[in-house]
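Asker: The following file, run06.txt, comprises compact mmCIF, N, CA and C atoms:
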```
# COMPACT_ATOMS: atom_id res chain seq x y z
N MET I 767 217.25 157.28 151.53
CA MET I 767 216.88 158.66 151.32
C MET I 767 217.06 159.42 152.63
N TYR I 768 217.98 160.33 152.64
CA TYR I 768 218.28 161.09 153.84
C TYR I 768 217.11 161.98 154.23
N GLY I 769 216.76 161.98 155.52
CA GLY I 769 215.71 162.84 156.03
C GLY I 769 214.29 162.34 155.82
N VAL I 770 214.13 161.16 155.22
CA VAL I 770 212.79 160.59 155.00
C VAL I 770 212.58 159.47 156.01
N GLU I 771 211.45 159.53 156.73
CA GLU I 771 211.16 158.50 157.71
C GLU I 771 210.83 157.19 157.01
N ARG I 772 211.53 156.14 157.40
CA ARG I 772 211.35 154.83 156.79
C ARG I 772 210.13 154.14 157.38
N SER I 773 209.32 153.52 156.54
CA SER I 773 208.17 152.76 157.02
C SER I 773 207.82 151.67 156.02
N GLU I 774 207.09 150.72 156.51
CA GLU I 774 206.49 149.69 155.66
C GLU I 774 205.01 149.73 155.92
N TRP I 775 204.21 149.29 154.96
CA TRP I 775 202.76 149.32 155.16
C TRP I 775 202.11 148.12 154.47
N ALA I 776 200.91 147.85 154.95
CA ALA I 776 200.09 146.79 154.35
C ALA I 776 198.67 147.32 154.25
N ILE I 777 197.98 146.96 153.17
CA ILE I 777 196.58 147.34 153.01
C ILE I 777 195.74 146.09 153.17
N ILE I 778 194.72 146.19 154.02
CA ILE I 778 193.86 145.06 154.33
C ILE I 778 192.45 145.41 153.89
N LYS I 779 191.84 144.52 153.09
CA LYS I 779 190.47 144.74 152.64
C LYS I 779 189.53 143.96 153.56
N PHE I 780 188.41 144.60 153.92
CA PHE I 780 187.42 143.92 154.77
C PHE I 780 186.90 142.69 154.05
N GLY I 781 186.59 141.64 154.81
CA GLY I 781 186.12 140.37 154.25
C GLY I 781 184.67 140.39 153.86
N ALA I 782 183.87 139.50 154.40
CA ALA I 782 182.45 139.33 154.05
C ALA I 782 181.73 140.67 154.02
N GLY I 783 181.13 140.97 152.89
CA GLY I 783 180.42 142.24 152.73
C GLY I 783 181.32 143.37 152.27
N GLY I 784 182.63 143.25 152.51
CA GLY I 784 183.59 144.22 152.03
C GLY I 784 183.59 145.57 152.71
N ARG I 785 182.79 145.74 153.77
CA ARG I 785 182.72 147.02 154.47
C ARG I 785 182.47 146.78 155.95
N GLY I 786 182.86 147.76 156.76
CA GLY I 786 182.61 147.62 158.18
C GLY I 786 182.92 148.89 158.95
N VAL I 787 182.59 148.86 160.23
CA VAL I 787 182.84 149.96 161.16
C VAL I 787 183.97 149.49 162.08
N VAL I 788 184.94 150.35 162.32
CA VAL I 788 186.08 150.01 163.18
C VAL I 788 185.89 150.68 164.53
N ARG I 789 185.92 149.89 165.59
CA ARG I 789 185.78 150.41 166.96
C ARG I 789 187.13 150.50 167.67
N PHE I 790 188.01 149.51 167.42
CA PHE I 790 189.36 149.52 167.99
C PHE I 790 190.26 148.69 167.09
N ILE I 791 191.55 148.81 167.31
CA ILE I 791 192.56 148.07 166.55
C ILE I 791 193.44 147.33 167.54
N GLU I 792 193.78 146.08 167.21
CA GLU I 792 194.73 145.31 167.99
C GLU I 792 195.97 145.08 167.14
N VAL I 793 197.13 145.41 167.68
CA VAL I 793 198.41 145.13 167.03
C VAL I 793 199.17 144.19 167.95
N ASP I 794 199.57 143.04 167.42
CA ASP I 794 200.20 142.00 168.23
C ASP I 794 201.69 141.90 167.88
N THR I 795 202.54 142.18 168.85
CA THR I 795 203.98 142.06 168.66
C THR I 795 204.53 140.83 169.38
N ALA I 796 203.68 139.83 169.62
CA ALA I 796 204.03 138.66 170.44
C ALA I 796 205.27 137.93 169.94
N PHE I 797 205.49 137.87 168.65
CA PHE I 797 206.64 137.12 168.14
C PHE I 797 207.78 138.05 167.75
N HIS I 798 207.77 139.26 168.29
CA HIS I 798 208.81 140.24 167.97
C HIS I 798 209.35 140.85 169.26
N PRO I 799 209.98 140.01 170.14
CA PRO I 799 210.41 140.52 171.44
C PRO I 799 211.51 141.58 171.37
N GLY I 800 212.24 141.63 170.28
CA GLY I 800 213.31 142.63 170.18
C GLY I 800 212.89 143.91 169.50
N ASN I 801 211.72 143.95 168.91
CA ASN I 801 211.27 145.12 168.16
C ASN I 801 210.33 145.95 169.01
N TYR I 802 210.86 146.87 169.77
CA TYR I 802 210.02 147.69 170.62
C TYR I 802 210.56 149.10 170.67
N PRO I 803 209.71 150.06 171.05
CA PRO I 803 210.13 151.44 171.02
C PRO I 803 210.86 151.91 172.26
N VAL I 804 211.70 152.87 172.06
CA VAL I 804 212.27 153.64 173.15
C VAL I 804 211.61 155.01 172.99
N VAL I 805 210.88 155.44 174.00
CA VAL I 805 210.07 156.63 173.87
C VAL I 805 210.43 157.63 174.96
N TYR I 806 210.29 158.88 174.67
CA TYR I 806 210.42 159.88 175.71
C TYR I 806 209.35 160.95 175.49
N ARG I 807 208.98 161.65 176.56
CA ARG I 807 207.92 162.66 176.49
C ARG I 807 208.50 164.05 176.67
N THR I 808 207.96 164.98 175.91
CA THR I 808 208.26 166.39 176.14
C THR I 808 206.95 167.12 176.03
N SER I 809 206.50 167.70 177.11
CA SER I 809 205.26 168.49 177.17
C SER I 809 204.10 167.94 176.36
N GLU I 810 203.49 166.89 176.83
CA GLU I 810 202.27 166.31 176.24
C GLU I 810 202.48 165.69 174.87
N ARG I 811 203.69 165.56 174.41
CA ARG I 811 203.92 165.00 173.08
C ARG I 811 204.82 163.78 173.21
N VAL I 812 204.46 162.70 172.54
CA VAL I 812 205.29 161.50 172.56
C VAL I 812 206.27 161.60 171.41
N ASN I 813 207.54 161.47 171.71
CA ASN I 813 208.59 161.52 170.70
C ASN I 813 209.26 160.16 170.61
N LEU I 814 209.48 159.69 169.42
CA LEU I 814 210.10 158.39 169.21
C LEU I 814 211.56 158.58 168.83
N LYS I 815 212.44 157.86 169.49
CA LYS I 815 213.85 157.92 169.13
C LYS I 815 214.06 157.22 167.79
N ALA I 816 215.20 157.45 167.18
CA ALA I 816 215.46 156.96 165.83
C ALA I 816 215.33 155.45 165.69
N ASP I 817 215.66 154.69 166.73
CA ASP I 817 215.61 153.23 166.63
C ASP I 817 214.32 152.65 167.19
N SER I 818 213.30 153.46 167.37
CA SER I 818 212.06 153.00 167.99
C SER I 818 211.09 152.40 166.98
N GLN I 819 210.05 151.76 167.49
CA GLN I 819 208.99 151.17 166.69
C GLN I 819 207.68 151.88 166.99
N ALA I 820 206.89 152.14 165.96
CA ALA I 820 205.59 152.76 166.14
C ALA I 820 204.70 152.34 164.98
N CYS I 821 203.40 152.56 165.13
CA CYS I 821 202.48 152.26 164.04
C CYS I 821 201.48 153.40 163.88
N LYS I 822 200.92 153.49 162.68
CA LYS I 822 199.86 154.43 162.36
C LYS I 822 198.85 153.66 161.53
N ILE I 823 197.55 153.92 161.75
CA ILE I 823 196.53 153.16 161.03
C ILE I 823 195.55 154.13 160.40
N GLU I 824 195.30 153.90 159.10
CA GLU I 824 194.39 154.73 158.33
C GLU I 824 193.34 153.84 157.69
N ALA I 825 192.23 154.42 157.27
CA ALA I 825 191.16 153.65 156.63
C ALA I 825 190.52 154.48 155.53
N THR I 826 189.86 153.78 154.60
CA THR I 826 189.17 154.44 153.50
C THR I 826 187.96 153.62 153.08
N LEU I 827 187.08 154.23 152.30
CA LEU I 827 185.93 153.54 151.73
C LEU I 827 186.00 153.75 150.22
N ILE I 828 186.26 152.66 149.50
CA ILE I 828 186.32 152.71 148.03
C ILE I 828 185.54 151.53 147.47
N GLU I 829 185.20 151.60 146.20
CA GLU I 829 184.45 150.53 145.54
C GLU I 829 185.34 149.38 145.07
N GLY I 830 186.54 149.66 144.60
CA GLY I 830 187.40 148.64 144.00
C GLY I 830 188.14 147.80 145.02
N ASP I 831 188.96 146.90 144.49
CA ASP I 831 189.76 146.02 145.34
C ASP I 831 190.99 146.71 145.90
N LEU I 832 191.60 147.59 145.09
CA LEU I 832 192.85 148.22 145.50
C LEU I 832 192.77 149.73 145.45
N PRO I 833 193.18 150.40 146.52
CA PRO I 833 193.26 151.86 146.49
C PRO I 833 194.36 152.30 145.52
N ASP I 834 194.24 153.51 145.00
CA ASP I 834 195.29 154.04 144.14
C ASP I 834 195.87 155.31 144.76
N GLU I 835 196.72 156.01 144.00
CA GLU I 835 197.40 157.20 144.53
C GLU I 835 196.43 158.31 144.92
N SER I 836 195.24 158.33 144.31
CA SER I 836 194.28 159.40 144.59
C SER I 836 193.36 159.09 145.78
N THR I 837 193.49 157.92 146.36
CA THR I 837 192.63 157.51 147.47
C THR I 837 192.84 158.43 148.68
N LYS I 838 191.76 158.88 149.26
CA LYS I 838 191.79 159.72 150.47
C LYS I 838 191.72 158.79 151.69
N TRP I 839 192.70 158.89 152.56
CA TRP I 839 192.78 158.07 153.76
C TRP I 839 192.42 158.89 154.99
N THR I 840 191.70 158.27 155.92
CA THR I 840 191.35 158.88 157.20
C THR I 840 192.22 158.23 158.27
N THR I 841 192.92 159.03 159.05
CA THR I 841 193.72 158.48 160.15
C THR I 841 192.77 158.05 161.26
N ILE I 842 192.77 156.75 161.55
CA ILE I 842 191.90 156.25 162.62
C ILE I 842 192.68 155.98 163.91
N VAL I 843 194.00 155.79 163.80
CA VAL I 843 194.88 155.70 164.96
C VAL I 843 196.14 156.50 164.62
N GLU I 844 196.36 157.59 165.35
CA GLU I 844 197.58 158.39 165.15
C GLU I 844 198.80 157.53 165.47
N LYS I 845 199.95 157.97 165.08
CA LYS I 845 201.19 157.24 165.31
C LYS I 845 201.37 156.97 166.80
N LYS I 846 201.49 155.67 167.14
CA LYS I 846 201.60 155.24 168.54
C LYS I 846 202.82 154.33 168.70
N PRO I 847 203.48 154.42 169.86
CA PRO I 847 204.61 153.53 170.11
C PRO I 847 204.16 152.09 170.32
N LEU I 848 205.02 151.15 169.97
CA LEU I 848 204.76 149.71 170.17
C LEU I 848 205.76 149.16 171.16
N GLY I 849 205.30 148.30 172.05
CA GLY I 849 206.17 147.64 173.02
C GLY I 849 206.46 146.22 172.61
N PRO I 850 207.39 145.57 173.29
CA PRO I 850 207.81 144.23 172.90
C PRO I 850 206.85 143.14 173.34
N HIS I 851 206.70 142.13 172.51
CA HIS I 851 206.12 140.85 172.87
C HIS I 851 204.77 140.95 173.61
N ARG I 852 203.80 141.68 173.03
CA ARG I 852 202.49 141.80 173.67
C ARG I 852 201.45 142.29 172.67
N GLN I 853 200.21 142.32 173.14
CA GLN I 853 199.10 142.84 172.33
C GLN I 853 198.88 144.30 172.70
N HIS I 854 198.65 145.13 171.69
CA HIS I 854 198.37 146.56 171.88
C HIS I 854 196.96 146.81 171.39
N TYR I 855 196.15 147.48 172.18
CA TYR I 855 194.79 147.83 171.77
C TYR I 855 194.70 149.35 171.65
N PHE I 856 194.24 149.82 170.49
CA PHE I 856 194.11 151.25 170.24
C PHE I 856 192.67 151.58 169.89
N ASP I 857 192.12 152.58 170.57
CA ASP I 857 190.80 153.08 170.21
C ASP I 857 190.92 153.93 168.95
N VAL I 858 189.84 154.01 168.20
CA VAL I 858 189.79 154.86 167.02
C VAL I 858 189.78 156.32 167.50
N GLU I 859 190.44 157.19 166.75
CA GLU I 859 190.50 158.62 167.09
C GLU I 859 189.10 159.19 167.29
N ARG I 860 188.96 160.09 168.23
CA ARG I 860 187.66 160.69 168.54
C ARG I 860 187.09 161.50 167.37
N SER I 861 187.95 161.96 166.48
CA SER I 861 187.48 162.75 165.34
C SER I 861 186.77 161.90 164.28
N VAL I 862 186.88 160.58 164.39
CA VAL I 862 186.24 159.66 163.43
C VAL I 862 184.84 159.33 163.95
N PRO I 863 183.78 159.60 163.16
CA PRO I 863 182.42 159.28 163.61
C PRO I 863 182.27 157.80 163.94
N LEU I 864 181.51 157.47 164.99
CA LEU I 864 181.34 156.09 165.43
C LEU I 864 180.73 155.18 164.37
N ASP I 865 179.93 155.75 163.46
CA ASP I 865 179.27 154.95 162.43
C ASP I 865 179.95 155.03 161.07
N GLN I 866 181.18 155.56 161.03
CA GLN I 866 181.92 155.69 159.76
C GLN I 866 182.19 154.30 159.18
N ILE I 867 181.88 154.11 157.92
CA ILE I 867 182.07 152.82 157.25
C ILE I 867 183.33 152.87 156.40
N PHE I 868 184.11 151.79 156.47
CA PHE I 868 185.35 151.68 155.72
C PHE I 868 185.38 150.36 154.94
N SER I 869 186.22 150.33 153.91
CA SER I 869 186.40 149.10 153.13
C SER I 869 187.83 148.57 153.23
N HIS I 870 188.79 149.45 153.52
CA HIS I 870 190.20 149.08 153.58
C HIS I 870 190.87 149.76 154.77
N ILE I 871 191.88 149.07 155.30
CA ILE I 871 192.72 149.59 156.37
C ILE I 871 194.14 149.63 155.84
N ARG I 872 194.86 150.73 156.12
CA ARG I 872 196.30 150.78 155.80
C ARG I 872 197.05 150.86 157.12
N TYR I 873 197.87 149.84 157.37
CA TYR I 873 198.66 149.73 158.59
C TYR I 873 200.11 150.07 158.23
N SER I 874 200.66 151.09 158.86
CA SER I 874 202.06 151.48 158.63
C SER I 874 202.85 151.28 159.90
N VAL I 875 204.06 150.75 159.75
CA VAL I 875 204.94 150.55 160.90
C VAL I 875 206.23 151.30 160.62
N TYR I 876 206.75 151.96 161.66
CA TYR I 876 207.95 152.79 161.55
C TYR I 876 209.00 152.30 162.52
N PRO I 877 210.24 152.11 162.20
CA PRO I 877 210.64 151.78 160.85
C PRO I 877 210.09 150.42 160.48
N GLY I 878 210.19 150.01 159.27
CA GLY I 878 209.57 148.80 158.77
C GLY I 878 209.89 147.53 159.55
N ARG I 879 208.87 146.81 159.96
CA ARG I 879 208.94 145.48 160.59
C ARG I 879 207.61 144.80 160.33
N SER I 880 207.51 143.52 160.69
CA SER I 880 206.24 142.82 160.48
C SER I 880 205.54 142.55 161.80
N TYR I 881 204.21 142.68 161.80
CA TYR I 881 203.38 142.46 162.97
C TYR I 881 202.07 141.83 162.55
N SER I 882 201.31 141.38 163.53
CA SER I 882 199.96 140.87 163.29
C SER I 882 198.98 141.94 163.70
N ILE I 883 197.92 142.13 162.90
CA ILE I 883 196.92 143.16 163.20
C ILE I 883 195.53 142.56 163.12
N SER I 884 194.67 142.94 164.07
CA SER I 884 193.27 142.48 164.08
C SER I 884 192.36 143.71 164.09
N VAL I 885 191.31 143.65 163.30
CA VAL I 885 190.34 144.75 163.22
C VAL I 885 189.01 144.27 163.72
```
Output the file's structure in the form of structure tokens.
Answerer:
Amino acid sequence: MYGVERSEWAIIKFGAGGRGVVRFIEVDTAFHPGNYPVVYRTSERVNLKADSQACKIEATLIEGDLPDESTKWTTIVEKKPLGPHRQHYFDVERSVPLDQIFSHIRYSVYPGRSYSISV
């Protein structure tokens, strides 16, 4: 699809208790040494080149096992560049209350690749 940003995503449900508070996110690219971003800055904004890698993380609180099309997602980590072969730690966005409870995390990677994520 021309003009549409390609991405892949995974939805992760919280384990024991099914709910939790997120303080930070770890994304591990340790086994992906060739998948890293080429980034450049223009006036306080990070821009990703077409062949770069980045991730965005959202969360929600729902009762069921699987979110549907009507699920409202809260962005907890804005789109961030990923580097090669290392662990990335991202704080939750300041706009998210510290005691906000979630049941599911949606991890999106641009363009699509596979990574390990810890919450």
Asker: Determine, counting all atoms listed in the file, every residue of protein, DNA or RNA that lies within 8 Å of (189.9, 160.4, 151.3) in the file coordinates, then give the result as a list of chain:residue names.
Answerer: I:Ala825, I:Thr826, I:Leu827, I:Ser836, I:Thr837, I:Lys838, I:Trp839, I:Thr840
Asker: By how many Å are atom CA of I:Val793 and atom CA of I:Ser874 apart?
Answerer: 11.1 Å
Asker: Which value, in Å to one decimal, gives the distance between atom CA of I:Phe856 and atom N of I:Ala796?
Answerer: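 Between atom CA of I:Phe856 and atom N of I:Ala796 the gap is 14.9 Å.
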Asker: Name the closest residue to I:Gly781 among the candidates I:Val875, I:His870, I:Ile828, I:Pro833; distances are taken between atoms, counting only C-alpha atoms.
Answerer: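 Result for the nearest residue to I:Gly781: I:His870.
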Asker: So which one's closest to I:Gln866, I:Ile842, I:Ala820, I:Ala782, I:Ala776? Using only C-alpha atoms, please.
Answerer: I:Ile842
Asker: When distances are computed from all atoms listed in the file, which of I:Asp834, I:Phe868, I:Pro847, I:Glu792 shows the smallest separation from I:Phe780?
Answerer: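 The closest residue to I:Phe780 is I:Phe868.
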Asker: Excluding I:Glu844 and residues on its chain fewer than 5 positions from it, collect all residues at most 12 Å away from it, counting only C-alpha atoms, and give them as a PyMOL selection string.
Answerer: chain I and resi 791+812+820-825+856-862+873-875
